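Below: the structure, in structure tokens.
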Amino acid sequence: MPPSHPSDDDRVTEEAADWCLRLQAEEVSDADRAAFARWCREDPRHLAEFDAMRELWGLSAGLRPRVTTPPAPARPVETVRSPLVRAPKQRRWALAACVAAVLAVGWPVGWSFGVLPGRVDVFLGGDRHRVVDLPDGSTVDLNVRTTLFYAQFRDRRSVLMDHGEAYFAVASDAARPFTVFTAAHRVRVTGTRFNVWANDGELAVTLAEGAVTVSAAAAVGEEPLRLTPGQQGRFARDSRFGSIARVDPARVLSWREGKLVFDDITLAEAVPLLNPYLSQPLRLADRRVGAMRIGGVYDVADLDRVVASLPRVLPVTIAAKDGALLLSAR
């Protein structure tokens with residue numbers, strides 16, 4: 001068998017982790033900094049990956065992160081294996097943790113300068129909705145299969161939620177802004193109530209109370225979206241520019257009551273909302289089936305049956321394929 005080689009993405013991630021370590025060393029030289037500048041110019045991905053690694057390192061740099069798990073459910077908690085976190089992100093977290101361990105001796109100084117967090121908490125999502133308390137007095141409703149990393153710095157509070165959905169009731173603290181980072185976006189607040197839904201680069205932020213700004217991580221210098229209560233900011237996958245729409249927050253937040261409310265939306269919009277609750281995920285065969293529309297109020301505990309009944313209410317067929325249910329137009 002030929003030897004395996006790391007993918008190009010893995011190579012970039014490893015190099016970014018190495019630069020995080022080298023640039024924090026006391027003996028870093030002007031030659032090192034010049035080499036780093038050349039590395040950044042070689043490929044646009046280099047600086048982007050370095051920035052992502054630096055943020056992740058900051059979030060994971062606590063010496064002994066506190067892991068908070070839900071009560072034992074009737075069946076094993078699937079998210080212990082982190083199926084919703086893409087492998088490159090897992091690799092980043094592992095490498096970031098290694099960098100943090102090497103630099104742990106400088107933790108007290110790092111905290112005093114606001115570089116390292118005073119504590120890190122990890123809340124592992126399970127197969128049911130749960131409410132968690134953050135150390136700053138904020139509370140978070142975690143939807144199913146949602147994992148949240150919380151880091152409390154001297155001058156700020158940071159959350160990483162790569163994939164999933166959560167409703168935040170943030171304790172007001174103007175001296176320590178609260179920022180939620182997803183795979184490609186950031187939501188900034190001081191004290192407010194809002195819902196974040198993230199799915200493979202897509203983002204929807206719904207504001208119930210207070211004020212938030214939402215921006216794409218890559219949109220350097222761009223004006224962020226500024227939401228007022230009753231507004232939802234949305235970013236499509238790989239888009240630097242978002243849109244704002246007026247919504248009913250009670251409908252968006254119905255998942256907290258065990259309901260999903262679909263107000264005549266397309267299947268392309270509905271499937272990412274359904275999949276976290278299903279025993280087998282849905283996949284759309286093409287844009288034609290994705291353009292079909294669905295409405296109604298559904299109990300999240302009954303969604304497998306709802307999906308099985310779709311061929312009776314829409315011109316579609318369902319077939320098992322590669323561990324998923326393929327939805328096709330008839």
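Going through the structure tokens in order, the chains are called A, B, and so on, while each chain numbers its residues from 1 and the ligands are numbered from 1 in the order shown.
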Residues near segment 35-40 of chain A, cut-off 10 Å, only C-alpha atoms, skip fewer than 3 positions along chain, as a list in words = Glu15, Ala16, Trp19, Arg22, Leu23, Ser29, Asp30, Ala31, Asp32, Asp43, Pro44, Arg45, His46, Leu47, Ala48, Glu49 and Phe50 of chain A
For Gly164 of chain A, please output as a VMD selection string all residues within 10 Å (counting only C-alpha atoms; exclusion window: fewer than 5 positions along the same chain).
-> chain A and resid 84 to 85 125 142 to 148 182 196 to 200 203 272 to 273 276
Would you mind reading off the distance between atom CA of Leu124 of chain A and atom CA of Val252 of chain A, one decimal, in Å?
->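 Interatomic distance here is 22.8 Å.
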Looking only at helix (DSSP H, G or I) from DSSP on the backbone, list the matching residues of segment 116-301 of chain A as a list in words.
->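 Residues meeting the helix (DSSP H, G or I) criterion: Pro249, Ala250, Arg251, Val252, Leu253, Ser254, Trp255, Arg256, Glu257, Leu267, Ala268, Glu269, Ala270, Val271, Pro272, Leu273, Leu274, Asn275, Pro276, Tyr277, Arg287, Arg288, Val289, Gly290, Val300 and Ala301 of chain A.
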List the neighbours of Val205 of chain A out to 9 Å using only C-alpha atoms; skip same-chain residues closer than 3 positions along the sequence, and give me the result as a PyMOL selection string.
-> chain A and resi 187+194-198+214+227+231-234
Go ahead and write the residues just picked, C-alpha atoms, as a PDB file, in the first residue's frame.
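File produced: part.pdb:
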ATOM      1  CA  VAL A 187     -22.423  37.953  15.970  1.00  0.00           C
ATOM      2  CA  PHE A 194     -31.267  36.272  19.941  1.00  0.00           C
ATOM      3  CA  ASN A 195     -31.302  32.995  18.017  1.00  0.00           C
ATOM      4  CA  VAL A 196     -28.408  31.677  15.920  1.00  0.00           C
ATOM      5  CA  TRP A 197     -28.815  28.945  13.299  1.00  0.00           C
ATOM      6  CA  ALA A 198     -25.664  27.822  11.460  1.00  0.00           C
ATOM      7  CA  VAL A 214     -23.697  40.276  12.202  1.00  0.00           C
ATOM      8  CA  LEU A 227     -30.525  44.095  13.572  1.00  0.00           C
ATOM      9  CA  GLN A 231     -35.530  41.210  12.308  1.00  0.00           C
ATOM     10  CA  GLN A 232     -33.581  38.268  10.933  1.00  0.00           C
ATOM     11  CA  GLY A 233     -30.178  38.590   9.282  1.00  0.00           C
ATOM     12  CA  ARG A 234     -29.233  35.878   6.797  1.00  0.00           C
TER      13      ARG A 234
END
Go through A:Asp304, A:Asp263, A:Asp121, A:Asp136 and flag the residue nearest Leu278 of chain A, using only C-alpha atoms for the distances.
-> A:Asp304
Using only C-alpha atoms, which residues sit within 8 Å of Ser138 of chain A once same-chain residues fewer than 4 positions away are excluded, as number ranges by chain?
-> A: 133-134, 168-171
Given only C-alpha atoms as the counted atoms, nearest of A:Asp264, A:Asp322, A:Glu269, A:Glu222 to Val297 of chain A =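 Smallest distance to Val297 of chain A is found for A:Asp264.
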Mind checking DSSP for segment 201-260 of chain A and telling me the strand (DSSP E or B) residues as a list in words?
->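 DSSP on the backbone gives strand (DSSP E or B) at Glu202, Leu203, Ala204, Val205, Thr206, Leu207, Ala208, Glu209, Val212, Thr213, Val214, Ser215, Ala216, Leu225, Arg226, Leu227, Gln231, Gln232, Gly233, Arg234, Phe235, Ser243, Ile244, Ala245, Arg246, Lys259 and Leu260 of chain A.
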Can you pull out every residue within 12 Å of Pro229 of chain A, counting only C-alpha atoms, but drop anything in the same chain fewer than 5 positions away, and send it as a PyMOL selection string?
-> chain A and resi 192-195+205-213+244-250
Take the residues just selected and output them with N, CA, C and O atoms as a PDB file, in the first residue's frame.
ATOM      1  N   THR A 192     -28.420  40.927  25.277  1.00  0.00           N
ATOM      2  CA  THR A 192     -29.576  40.853  24.388  1.00  0.00           C
ATOM      3  C   THR A 192     -30.081  39.418  24.311  1.00  0.00           C
ATOM      4  O   THR A 192     -29.504  38.509  24.903  1.00  0.00           O
ATOM      5  N   ARG A 193     -31.162  39.200  23.554  1.00  0.00           N
ATOM      6  CA  ARG A 193     -31.728  37.863  23.349  1.00  0.00           C
ATOM      7  C   ARG A 193     -31.858  37.617  21.856  1.00  0.00           C
ATOM      8  O   ARG A 193     -32.519  38.397  21.163  1.00  0.00           O
ATOM      9  N   PHE A 194     -31.272  36.521  21.385  1.00  0.00           N
ATOM     10  CA  PHE A 194     -31.267  36.272  19.941  1.00  0.00           C
ATOM     11  C   PHE A 194     -31.062  34.789  19.667  1.00  0.00           C
ATOM     12  O   PHE A 194     -30.581  34.041  20.522  1.00  0.00           O
ATOM     13  N   ASN A 195     -31.421  34.383  18.450  1.00  0.00           N
ATOM     14  CA  ASN A 195     -31.302  32.995  18.017  1.00  0.00           C
ATOM     15  C   ASN A 195     -30.287  32.910  16.890  1.00  0.00           C
ATOM     16  O   ASN A 195     -30.271  33.754  15.984  1.00  0.00           O
ATOM     17  N   VAL A 205     -29.635  34.778  11.940  1.00  0.00           N
ATOM     18  CA  VAL A 205     -29.659  35.339  13.289  1.00  0.00           C
ATOM     19  C   VAL A 205     -30.959  36.096  13.452  1.00  0.00           C
ATOM     20  O   VAL A 205     -31.247  37.023  12.691  1.00  0.00           O
ATOM     21  N   THR A 206     -31.766  35.690  14.441  1.00  0.00           N
ATOM     22  CA  THR A 206     -33.059  36.316  14.687  1.00  0.00           C
ATOM     23  C   THR A 206     -33.008  37.025  16.027  1.00  0.00           C
ATOM     24  O   THR A 206     -32.676  36.416  17.046  1.00  0.00           O
ATOM     25  N   LEU A 207     -33.340  38.309  16.030  1.00  0.00           N
ATOM     26  CA  LEU A 207     -33.232  39.113  17.239  1.00  0.00           C
ATOM     27  C   LEU A 207     -34.597  39.256  17.904  1.00  0.00           C
ATOM     28  O   LEU A 207     -35.562  39.714  17.297  1.00  0.00           O
ATOM     29  N   ALA A 208     -34.664  38.858  19.183  1.00  0.00           N
ATOM     30  CA  ALA A 208     -35.889  38.995  19.964  1.00  0.00           C
ATOM     31  C   ALA A 208     -35.884  40.257  20.811  1.00  0.00           C
ATOM     32  O   ALA A 208     -36.933  40.869  21.046  1.00  0.00           O
ATOM     33  N   GLU A 209     -34.698  40.655  21.285  1.00  0.00           N
ATOM     34  CA  GLU A 209     -34.607  41.795  22.198  1.00  0.00           C
ATOM     35  C   GLU A 209     -33.196  42.364  22.166  1.00  0.00           C
ATOM     36  O   GLU A 209     -32.219  41.613  22.092  1.00  0.00           O
ATOM     37  N   GLY A 210     -33.066  43.694  22.197  1.00  0.00           N
ATOM     38  CA  GLY A 210     -31.752  44.323  22.232  1.00  0.00           C
ATOM     39  C   GLY A 210     -31.261  44.683  20.847  1.00  0.00           C
ATOM     40  O   GLY A 210     -32.035  45.102  19.980  1.00  0.00           O
ATOM     41  N   ALA A 211     -29.965  44.502  20.614  1.00  0.00           N
ATOM     42  CA  ALA A 211     -29.359  44.837  19.326  1.00  0.00           C
ATOM     43  C   ALA A 211     -28.143  43.952  19.104  1.00  0.00           C
ATOM     44  O   ALA A 211     -27.434  43.614  20.044  1.00  0.00           O
ATOM     45  N   VAL A 212     -27.923  43.560  17.857  1.00  0.00           N
ATOM     46  CA  VAL A 212     -26.746  42.773  17.493  1.00  0.00           C
ATOM     47  C   VAL A 212     -26.222  43.270  16.154  1.00  0.00           C
ATOM     48  O   VAL A 212     -26.944  43.882  15.366  1.00  0.00           O
ATOM     49  N   THR A 213     -24.946  42.994  15.896  1.00  0.00           N
ATOM     50  CA  THR A 213     -24.385  43.166  14.559  1.00  0.00           C
ATOM     51  C   THR A 213     -23.910  41.810  14.082  1.00  0.00           C
ATOM     52  O   THR A 213     -23.422  40.992  14.867  1.00  0.00           O
ATOM     53  N   ILE A 244     -31.534  41.358   5.364  1.00  0.00           N
ATOM     54  CA  ILE A 244     -32.361  41.508   6.565  1.00  0.00           C
ATOM     55  C   ILE A 244     -33.826  41.390   6.167  1.00  0.00           C
ATOM     56  O   ILE A 244     -34.261  41.965   5.164  1.00  0.00           O
ATOM     57  N   ALA A 245     -34.590  40.636   6.952  1.00  0.00           N
ATOM     58  CA  ALA A 245     -36.024  40.487   6.710  1.00  0.00           C
ATOM     59  C   ALA A 245     -36.764  40.599   8.038  1.00  0.00           C
ATOM     60  O   ALA A 245     -36.219  40.272   9.098  1.00  0.00           O
ATOM     61  N   ARG A 246     -38.002  41.044   7.979  1.00  0.00           N
ATOM     62  CA  ARG A 246     -38.866  41.081   9.161  1.00  0.00           C
ATOM     63  C   ARG A 246     -39.465  39.693   9.358  1.00  0.00           C
ATOM     64  O   ARG A 246     -39.974  39.085   8.420  1.00  0.00           O
ATOM     65  N   VAL A 247     -39.384  39.146  10.582  1.00  0.00           N
ATOM     66  CA  VAL A 247     -39.906  37.813  10.880  1.00  0.00           C
ATOM     67  C   VAL A 247     -40.681  37.865  12.193  1.00  0.00           C
ATOM     68  O   VAL A 247     -40.612  38.847  12.934  1.00  0.00           O
ATOM     69  N   ASP A 248     -41.408  36.782  12.462  1.00  0.00           N
ATOM     70  CA  ASP A 248     -42.070  36.608  13.754  1.00  0.00           C
ATOM     71  C   ASP A 248     -41.139  35.770  14.633  1.00  0.00           C
ATOM     72  O   ASP A 248     -40.988  34.563  14.407  1.00  0.00           O
ATOM     73  N   PRO A 249     -40.478  36.366  15.621  1.00  0.00           N
ATOM     74  CA  PRO A 249     -39.538  35.593  16.440  1.00  0.00           C
ATOM     75  C   PRO A 249     -40.178  34.374  17.094  1.00  0.00           C
ATOM     76  O   PRO A 249     -39.510  33.353  17.283  1.00  0.00           O
ATOM     77  N   ALA A 250     -41.470  34.450  17.450  1.00  0.00           N
ATOM     78  CA  ALA A 250     -42.126  33.309  18.092  1.00  0.00           C
ATOM     79  C   ALA A 250     -42.126  32.094  17.170  1.00  0.00           C
ATOM     80  O   ALA A 250     -41.963  30.952  17.627  1.00  0.00           O
TER      81      ALA A 250
END
Can you pull out every residue within 12 Å of Leu314 of chain A, counting only C-alpha atoms, but drop anything in the same chain fewer than 4 positions away, and send it as JSON, numbers by chain?
-> {"A": [266, 267, 289, 290, 291, 292, 293, 294, 295, 306, 307, 308, 309, 310, 318, 327, 328, 329, 330]}
Writing out the chosen residues with N, CA and C atoms as a CSV table (one decimal), in the first residue's frame:
chain,number,residue,atom,x,y,z
A,266,THR,N,-39.6,26.7,1.0
A,266,THR,CA,-39.2,25.6,0.0
A,266,THR,C,-38.6,24.4,0.7
A,267,LEU,N,-38.6,23.3,0.1
A,267,LEU,CA,-37.9,22.1,0.7
A,267,LEU,C,-36.4,22.4,0.9
A,289,VAL,N,-37.0,19.5,-7.0
A,289,VAL,CA,-37.6,19.1,-5.8
A,289,VAL,C,-37.4,20.1,-4.7
A,290,GLY,N,-36.2,20.8,-4.7
A,290,GLY,CA,-35.9,21.8,-3.7
A,290,GLY,C,-36.8,23.0,-3.8
A,291,ALA,N,-37.4,23.2,-4.9
A,291,ALA,CA,-38.2,24.4,-5.1
A,291,ALA,C,-39.7,24.2,-4.6
A,292,MET,N,-40.0,22.9,-4.4
A,292,MET,CA,-41.4,22.6,-3.9
A,292,MET,C,-41.6,23.2,-2.5
A,293,ARG,N,-42.8,23.5,-2.1
A,293,ARG,CA,-43.0,24.3,-0.9
A,293,ARG,C,-43.8,23.4,0.1
A,294,ILE,N,-43.6,23.8,1.4
A,294,ILE,CA,-44.2,23.1,2.5
A,294,ILE,C,-44.6,24.0,3.6
A,295,GLY,N,-45.7,23.8,4.3
A,295,GLY,CA,-46.1,24.6,5.4
A,295,GLY,C,-46.8,23.7,6.5
A,306,VAL,N,-43.5,12.3,9.6
A,306,VAL,CA,-43.9,13.4,8.7
A,306,VAL,C,-43.2,13.2,7.4
A,307,VAL,N,-41.9,12.9,7.5
A,307,VAL,CA,-41.1,12.8,6.2
A,307,VAL,C,-41.6,11.6,5.4
A,308,ALA,N,-41.9,10.5,6.1
A,308,ALA,CA,-42.4,9.3,5.4
A,308,ALA,C,-43.7,9.6,4.7
A,309,SER,N,-44.5,10.5,5.2
A,309,SER,CA,-45.7,10.8,4.5
A,309,SER,C,-45.6,11.9,3.4
A,310,LEU,N,-44.5,12.4,3.2
A,310,LEU,CA,-44.3,13.5,2.1
A,310,LEU,C,-44.8,13.0,0.7
A,318,ILE,N,-39.3,8.9,-2.2
A,318,ILE,CA,-38.2,8.8,-1.2
A,318,ILE,C,-37.5,7.4,-1.4
A,327,LEU,N,-34.7,12.5,-1.7
A,327,LEU,CA,-36.0,13.0,-2.1
A,327,LEU,C,-36.0,13.5,-3.6
A,328,SER,N,-36.8,12.9,-4.4
A,328,SER,CA,-36.8,13.2,-5.8
A,328,SER,C,-38.2,13.5,-6.3
A,329,ALA,N,-38.3,14.3,-7.4
A,329,ALA,CA,-39.6,14.7,-7.9
A,329,ALA,C,-40.1,13.6,-8.7
A,330,ARG,N,-41.5,13.4,-8.6
A,330,ARG,CA,-42.1,12.3,-9.4
A,330,ARG,C,-42.4,12.8,-10.9
Length of the atom CA of Leu284 of chain A to atom CA of Ala320 of chain A vector [Å] |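 We find that atom CA of Leu284 of chain A and atom CA of Ala320 of chain A lie 11.9 Å from each other.
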